[in-house]
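So this block is start-v2.cif, mmCIF, C-alpha atoms:
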data_query
#
loop_
_atom_site.label_atom_id
_atom_site.label_comp_id
_atom_site.auth_asym_id
_atom_site.auth_seq_id
_atom_site.Cartn_x
_atom_site.Cartn_y
_atom_site.Cartn_z
CA MET U 6 10.45 9.61 -3.12
CA PHE U 7 10.40 13.08 -4.68
CA ASP U 8 12.07 16.30 -3.63
CA GLN U 9 10.39 18.97 -1.55
CA GLN U 10 9.53 21.04 -4.62
CA VAL U 11 7.24 18.28 -5.90
CA ILE U 12 5.70 17.74 -2.47
CA THR U 13 5.03 21.45 -1.96
CA ALA U 14 3.57 21.87 -5.45
CA ALA U 15 1.17 18.95 -4.93
CA MET U 16 0.06 20.31 -1.55
CA ASP U 17 -0.41 23.84 -2.91
CA HIS U 18 -2.52 22.47 -5.77
CA ALA U 19 -4.64 20.44 -3.33
CA ARG U 20 -5.16 23.53 -1.18
CA ALA U 21 -6.17 25.64 -4.19
CA LYS U 22 -8.74 23.09 -5.39
CA PHE U 23 -10.31 22.37 -1.98
CA PRO U 24 -13.03 21.14 -1.45
CA CYS U 25 -12.67 19.37 -4.80
CA GLU U 26 -10.09 16.69 -5.43
CA ALA U 27 -6.95 17.96 -7.10
CA CYS U 28 -4.96 15.77 -9.46
CA GLY U 29 -1.66 15.90 -11.26
CA LEU U 30 1.28 13.94 -12.60
CA VAL U 31 4.94 13.83 -11.70
CA VAL U 32 6.93 14.02 -14.93
CA ASP U 33 10.72 13.97 -14.80
CA SER U 34 10.56 14.90 -11.11
CA GLU U 35 8.28 17.90 -11.72
CA TYR U 36 4.66 18.13 -10.55
CA LEU U 37 2.28 19.02 -13.38
CA PRO U 38 -1.26 19.98 -12.27
CA ARG U 39 -3.99 18.44 -14.41
CA GLU U 40 -7.64 19.40 -14.70
CA ASN U 41 -10.03 17.16 -12.79
CA THR U 42 -12.63 16.18 -15.39
CA ALA U 43 -14.63 13.84 -13.13
CA ASP U 44 -18.41 14.23 -13.10
CA ASP U 45 -18.24 14.58 -9.31
CA PRO U 46 -14.93 16.34 -8.53
CA LEU U 47 -15.89 16.66 -4.86
CA ASN U 48 -15.56 12.90 -4.47
CA ASP U 49 -13.60 11.64 -7.45
CA PHE U 50 -10.96 12.59 -9.98
CA ARG U 51 -10.25 11.91 -13.61
CA ILE U 52 -7.35 12.97 -15.80
CA ALA U 53 -8.43 13.18 -19.43
CA PRO U 54 -6.50 10.76 -21.68
CA GLN U 55 -5.27 13.61 -23.87
CA ALA U 56 -3.91 15.40 -20.80
CA PHE U 57 -2.01 12.28 -19.80
CA VAL U 58 -0.61 11.88 -23.32
CA ALA U 59 0.45 15.54 -23.39
CA ALA U 60 2.28 15.08 -20.10
CA SER U 61 4.00 11.91 -21.29
CA ARG U 62 5.38 13.81 -24.27
CA LYS U 63 7.21 16.10 -21.86
CA GLY U 64 9.09 13.21 -20.25
CA GLU U 65 8.71 10.12 -18.09
CA VAL U 66 5.49 9.95 -16.09
CA GLN U 67 6.65 8.77 -12.66
CA ALA U 68 3.55 9.09 -10.51
CA VAL U 69 -0.11 10.08 -10.27
CA ILE U 70 -1.02 12.32 -7.32
CA HIS U 71 -4.48 13.34 -6.18
CA SER U 72 -6.00 14.72 -3.00
CA HIS U 73 -8.52 13.30 -0.54
CA PRO U 74 -10.06 16.46 0.96
CA LYS U 75 -12.81 14.42 2.65
CA GLY U 76 -10.64 11.43 3.44
CA PRO U 77 -9.89 8.66 3.84
CA ASP U 78 -6.16 8.94 4.37
CA TRP U 79 -5.57 5.64 2.58
CA PRO U 80 -6.23 4.38 -0.97
CA SER U 81 -9.85 3.78 -1.93
CA HIS U 82 -11.00 0.71 -3.84
CA VAL U 83 -10.93 2.68 -7.11
CA ASP U 84 -7.47 4.07 -6.30
CA GLN U 85 -6.14 0.55 -5.81
CA VAL U 86 -7.71 -0.83 -8.98
CA GLU U 87 -6.39 2.03 -11.11
CA GLN U 88 -2.91 1.94 -9.55
CA LEU U 89 -2.62 -1.77 -10.22
CA ARG U 90 -3.87 -1.26 -13.78
CA MET U 91 -1.38 1.52 -14.52
CA GLY U 92 1.57 0.10 -12.62
CA LEU U 93 2.78 3.59 -11.67
CA ALA U 94 3.42 4.95 -8.21
CA TRP U 95 0.40 6.76 -6.83
CA GLY U 96 0.31 9.47 -4.20
CA ILE U 97 -2.50 10.88 -2.07
CA VAL U 98 -2.54 14.27 -0.36
CA PRO U 99 -4.66 13.75 2.78
CA PHE U 100 -6.28 16.59 4.69
CA ILE U 101 -6.73 17.48 8.33
CA GLY U 102 -9.70 19.81 8.25
CA GLN U 103 -8.92 22.17 5.37
CA VAL U 104 -5.15 21.78 5.68
CA PRO U 105 -3.36 19.52 3.17
CA GLN U 106 -0.76 17.12 4.53
CA SER U 107 2.34 15.73 2.90
CA PRO U 108 1.43 13.08 0.30
CA PHE U 109 2.12 9.40 0.84
CA PHE U 110 2.97 7.04 -2.02
CA TRP U 111 2.50 3.38 -2.79
CA GLY U 112 2.91 1.00 -5.71
CA GLY U 113 5.08 1.28 -8.79
CA ASP U 114 8.64 2.37 -8.03
CA THR U 115 7.87 3.66 -4.54
CA PRO U 116 10.99 3.04 -2.40
CA ILE U 117 10.66 0.40 0.29
CA ALA U 118 10.32 1.95 3.73
CA PRO U 119 12.32 0.56 6.67
CA LEU U 120 10.87 -2.80 7.64
CA VAL U 121 10.88 -1.98 11.35
CA GLY U 122 9.30 1.18 12.73
CA ARG U 123 7.09 2.18 9.79
CA PRO U 124 3.71 3.81 10.60
CA PHE U 125 0.54 1.91 9.73
CA ARG U 126 -1.68 2.98 6.85
CA PRO U 127 -4.31 0.66 5.33
CA VAL U 128 -3.17 -0.80 2.00
CA ALA U 129 -0.15 1.50 1.62
CA ALA U 130 1.62 0.26 4.76
CA ASP U 131 -0.13 -2.70 6.39
CA CYS U 132 0.81 -6.26 7.30
CA TYR U 133 0.53 -7.52 3.71
CA THR U 134 2.68 -4.64 2.44
CA LEU U 135 5.33 -5.55 5.03
CA PHE U 136 5.27 -9.20 3.94
CA ARG U 137 5.67 -8.15 0.29
CA ASP U 138 8.51 -5.77 1.13
CA TRP U 139 10.40 -8.36 3.22
CA LEU U 140 10.27 -10.81 0.32
CA ARG U 141 11.58 -8.17 -2.10
CA VAL U 142 14.42 -7.14 0.21
CA HIS U 143 15.52 -10.55 1.47
CA ARG U 144 14.43 -12.98 -1.26
CA ASP U 145 14.23 -10.81 -4.39
CA VAL U 146 10.72 -12.21 -4.87
CA VAL U 147 7.79 -10.08 -6.02
CA LEU U 148 4.54 -11.03 -4.32
CA PRO U 149 1.54 -9.75 -6.31
CA ASP U 150 -0.30 -6.91 -4.65
CA LEU U 151 -3.97 -7.35 -3.83
CA GLU U 152 -6.85 -4.90 -3.90
CA ARG U 153 -8.26 -4.91 -0.39
CA SER U 154 -10.52 -2.77 1.72
CA ASP U 155 -9.75 -1.51 5.20
CA GLU U 156 -10.83 -4.21 7.66
CA TRP U 157 -11.82 -6.46 4.73
CA TRP U 158 -12.19 -9.40 7.13
CA ASP U 159 -15.42 -7.89 8.49
CA GLY U 160 -17.06 -8.57 5.12
CA ASP U 161 -17.67 -11.69 3.08
CA GLU U 162 -14.16 -12.03 1.69
CA ASP U 163 -12.31 -15.26 2.45
CA ASN U 164 -8.61 -15.61 3.23
CA ARG U 165 -7.11 -12.99 0.91
CA PHE U 166 -3.56 -13.80 1.92
CA MET U 167 -3.50 -17.10 0.04
CA GLU U 168 -4.51 -15.53 -3.28
CA GLY U 169 -1.11 -14.02 -3.98
CA VAL U 170 1.26 -16.29 -2.10
CA GLU U 171 0.13 -19.47 -3.83
CA ALA U 172 0.95 -17.86 -7.17
CA ILE U 173 4.63 -17.58 -6.19
CA GLY U 174 4.98 -21.02 -4.66
CA PHE U 175 3.95 -20.68 -1.02
CA ARG U 176 2.19 -23.66 0.51
CA ALA U 177 0.78 -24.37 3.95
CA VAL U 178 3.08 -26.58 6.03
CA ASP U 179 2.54 -28.56 9.22
CA ASP U 180 5.80 -27.51 10.85
CA ASP U 181 7.39 -25.02 13.18
CA PRO U 182 8.25 -21.77 11.38
CA LYS U 183 11.61 -21.33 9.69
CA LEU U 184 13.35 -18.19 8.46
CA GLY U 185 11.27 -16.54 5.74
CA ASP U 186 8.05 -18.43 6.44
CA GLY U 187 4.79 -16.53 6.37
CA VAL U 188 2.69 -16.64 9.52
CA LEU U 189 -1.07 -16.25 9.08
CA MET U 190 -2.95 -15.21 12.20
CA GLN U 191 -6.43 -14.59 13.52
CA VAL U 192 -6.52 -11.53 15.78
CA CYS U 193 -9.84 -10.39 17.29
CA SER U 194 -11.66 -11.73 14.24
CA SER U 195 -13.69 -14.72 13.09
CA LYS U 196 -11.23 -15.37 10.25
CA VAL U 197 -7.56 -15.03 9.37
CA ASN U 198 -6.87 -11.30 9.16
CA HIS U 199 -3.19 -10.75 9.88
CA CYS U 200 0.15 -11.93 8.55
CA GLY U 201 3.77 -11.72 9.56
CA ILE U 202 7.18 -13.15 8.70
CA TYR U 203 9.28 -15.42 10.85
CA VAL U 204 12.72 -13.77 10.81
CA GLY U 205 14.61 -16.28 12.93
CA ASN U 206 15.90 -16.25 16.48
CA GLY U 207 12.37 -16.72 17.78
CA LEU U 208 11.18 -13.41 16.31
CA LEU U 209 8.09 -12.48 14.31
CA LEU U 210 8.10 -9.36 12.11
CA HIS U 211 4.60 -7.98 11.66
CA HIS U 212 2.56 -4.79 11.41
CA LEU U 213 -0.60 -4.45 13.46
CA GLN U 214 -3.24 -1.85 12.75
CA ASN U 215 -2.44 1.58 14.24
CA ARG U 216 0.99 0.47 15.46
CA LEU U 217 4.53 0.70 14.14
CA SER U 218 5.89 -2.40 12.44
CA ARG U 219 8.06 -4.39 14.83
CA GLU U 220 9.82 -7.62 15.69
CA GLU U 221 8.37 -9.47 18.67
CA PRO U 222 8.83 -12.90 20.25
CA TYR U 223 6.98 -15.44 18.12
CA ILE U 224 5.82 -17.30 21.22
CA ARG U 225 3.80 -14.24 22.24
CA TRP U 226 1.66 -14.64 19.09
CA ARG U 227 1.60 -18.42 18.89
CA LYS U 228 -1.99 -18.69 20.13
CA HIS U 229 -3.16 -16.53 17.19
CA VAL U 230 -1.35 -18.55 14.51
CA ARG U 231 -3.57 -20.52 12.16
CA THR U 232 -1.25 -21.39 9.27
CA ILE U 233 2.46 -21.43 8.48
CA ILE U 234 3.24 -20.96 4.79
CA ARG U 235 6.57 -21.75 3.14
CA ARG U 236 7.84 -21.09 -0.36
CA VAL U 237 8.48 -24.35 -2.17
CA GLN U 238 11.14 -24.07 -4.86
CA SER U 239 10.06 -25.67 -8.14
#

Target encoding structure tokens, full file:
Amino acid sequence: MFDQQVITAAMDHARAKFPCEACGLVVDSEYLPRENTADDPLNDFRIAPQAFVAASRKGEVQAVIHSHPKGPDWPSHVDQVEQLRMGLAWGIVPFIGQVPQSPFFWGGDTPIAPLVGRPFRPVAADCYTLFRDWLRVHRDVVLPDLERSDEWWDGDEDNRFMEGVEAIGFRAVDDDPKLGDGVLMQVCSSKVNHCGIYVGNGLLLHHLQNRLSREEPYIRWRKHVRTIIRRVQS
């Protein structure tokens, strides 16, 4: 998404601020370190409003980047809420021990990764992300993103998948899947916790936890299918 200079600068900043969270902004393709003014910088970050305004006067703010020195290597609940509120791309520099890793990005103008063969990362690259990206690429339809926790289905949340898809015209159908239909599944869970896309020719595109996204024979997953959803044109 950004050139190596931005990536290196963000990683160097994260290393320098360890064990605290580092934070900064990408402005006109340049990484600008910002002071972390959070009350608990070991576990949180905050960029003062005046620091954000000062950065925006230098050019276009393209992304917010911060580090997760203690993990996790996916967006937290607060990260998701704030990213959705701001609408910008967000990046996280994860750590292995005390060594910063290359940041990953999600949201905003983050480029769409290849639909097949992408690594799994909760929220940033999971089954719902793949469904959203397929719709953008093949249908030019924007499915609203959802704040969700890792393994949300273990909690009290109901079927999260229907929250967004109903808003853009998807409805449950009693039919065999057709090209572009969503496939909602129940995999090793007491509730629906996985989704995929029927891409034709008997193939299901989906992204299981800790696996690469892939196309597989739909029949192999038929026993897990609970609902087929189809977009109804108004």

List, as a CSV table (one decimal) with C-alpha atoms, in the coordinates of the input, every residue that the PyMOL selection byres ((chain U and resi 74-80) around 7) selects in the file provided.
chain,number,residue,atom,x,y,z
U,23,PHE,CA,-10.3,22.4,-2.0
U,24,PRO,CA,-13.0,21.1,-1.4
U,25,CYS,CA,-12.7,19.4,-4.8
U,26,GLU,CA,-10.1,16.7,-5.4
U,72,SER,CA,-6.0,14.7,-3.0
U,73,HIS,CA,-8.5,13.3,-0.5
U,81,SER,CA,-9.8,3.8,-1.9
U,82,HIS,CA,-11.0,0.7,-3.8
U,84,ASP,CA,-7.5,4.1,-6.3
U,85,GLN,CA,-6.1,0.6,-5.8
U,99,PRO,CA,-4.7,13.8,2.8
U,100,PHE,CA,-6.3,16.6,4.7
U,126,ARG,CA,-1.7,3.0,6.8
U,127,PRO,CA,-4.3,0.7,5.3
U,128,VAL,CA,-3.2,-0.8,2.0
U,129,ALA,CA,-0.2,1.5,1.6

Evaluating the PyMOL selection byres ((chain U and resi 11) around 8) on the displayed file yields which residues, as a PyMOL selection string? chain U and resi 7-10+12-15+31+34-36

Near range 221-225 of chain U, within 9 Å and counting all atoms listed in the file, which residues show up once chain neighbours fewer than 2 positions away are dropped, as a list of chain:residue names?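 What passes the distance filter is U:Tyr203, U:Asn206, U:Gly207, U:Leu208, U:Leu209, U:Leu210, U:His211, U:Arg219, U:Arg227, U:Lys228, U:His229.
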
Apply the PyMOL selection byres ((chain U and resi 22) around 12) to the file shown and report the selected residues as an mmCIF file with C-alpha atoms, in the coordinates of the input.
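See out-v4.cif below for the written result:
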data_model
loop_
_atom_site.group_PDB
_atom_site.id
_atom_site.type_symbol
_atom_site.label_atom_id
_atom_site.label_comp_id
_atom_site.auth_asym_id
_atom_site.auth_seq_id
_atom_site.Cartn_x
_atom_site.Cartn_y
_atom_site.Cartn_z
ATOM 1 C CA ALA U 15 1.170 18.950 -4.930
ATOM 2 C CA MET U 16 0.060 20.310 -1.550
ATOM 3 C CA ASP U 17 -0.410 23.840 -2.910
ATOM 4 C CA HIS U 18 -2.520 22.470 -5.770
ATOM 5 C CA ALA U 19 -4.640 20.440 -3.330
ATOM 6 C CA ARG U 20 -5.160 23.530 -1.180
ATOM 7 C CA ALA U 21 -6.170 25.640 -4.190
ATOM 8 C CA PHE U 23 -10.310 22.370 -1.980
ATOM 9 C CA PRO U 24 -13.030 21.140 -1.450
ATOM 10 C CA CYS U 25 -12.670 19.370 -4.800
ATOM 11 C CA GLU U 26 -10.090 16.690 -5.430
ATOM 12 C CA ALA U 27 -6.950 17.960 -7.100
ATOM 13 C CA CYS U 28 -4.960 15.770 -9.460
ATOM 14 C CA GLY U 29 -1.660 15.900 -11.260
ATOM 15 C CA PRO U 38 -1.260 19.980 -12.270
ATOM 16 C CA ARG U 39 -3.990 18.440 -14.410
ATOM 17 C CA GLU U 40 -7.640 19.400 -14.700
ATOM 18 C CA ASN U 41 -10.030 17.160 -12.790
ATOM 19 C CA PRO U 46 -14.930 16.340 -8.530
ATOM 20 C CA LEU U 47 -15.890 16.660 -4.860
ATOM 21 C CA PHE U 50 -10.960 12.590 -9.980
ATOM 22 C CA HIS U 71 -4.480 13.340 -6.180
ATOM 23 C CA SER U 72 -6.000 14.720 -3.000
ATOM 24 C CA HIS U 73 -8.520 13.300 -0.540
ATOM 25 C CA PRO U 74 -10.060 16.460 0.960
ATOM 26 C CA VAL U 98 -2.540 14.270 -0.360
ATOM 27 C CA GLN U 103 -8.920 22.170 5.370
ATOM 28 C CA VAL U 104 -5.150 21.780 5.680
ATOM 29 C CA PRO U 105 -3.360 19.520 3.170
#

Ser61 in chain U surroundings by all atoms listed in the file, 12 Å radius, close-in-sequence under 4 positions cut, as number ranges by chain: U: 30-33, 37, 54-57, 65-69

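The spacing separating CA of Gln238 in chain U from CA of Ile173 in chain U amounts to 9.3 Å.
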
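In terms of minimum interatomic distance to Tyr133 in chain U, U:Asp150 ranks closest within U:Glu168, U:Asp49, U:Asp114, U:Asp150, counting only C-alpha atoms.
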
So that I can check the surroundings of Ser218 in chain U, please list as a list in words every protein, DNA and RNA residue that reaches within 12 Å of it, counting all atoms listed in the file and ignoring chain neighbours fewer than 6 positions away.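 So the residues in contact are Ala118, Pro119, Leu120, Val121, Gly122, Arg123, Pro124, Phe125, Arg126, Ala130, Asp131, Cys132, Tyr133, Thr134, Leu135, Phe136, Trp139, Cys200, Gly201, Ile202, Leu209, Leu210, His211 and His212 of chain U.
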
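Between CA of Glu152 in chain U and CA of Gln214 in chain U lies a distance of 17.3 Å.
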
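The interatomic distance for the pair CA of Pro149 in chain U and CA of Gly169 in chain U works out to 5.5 Å.
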
Which of these, U:Ile70, U:Ala177, U:Ile233, U:Val192, has the shortest distance to Ile97 in chain U once you count all atoms listed in the file?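 Going through U:Ile70, U:Ala177, U:Ile233, U:Val192 one by one, the smallest distance to Ile97 in chain U is for U:Ile70.
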
Need the neighbours of (9.8, -1.8, -2.8): which residues are at most 6 Å away, counting only C-alpha atoms, as a PyMOL selection string? chain U and resi 116-117+138
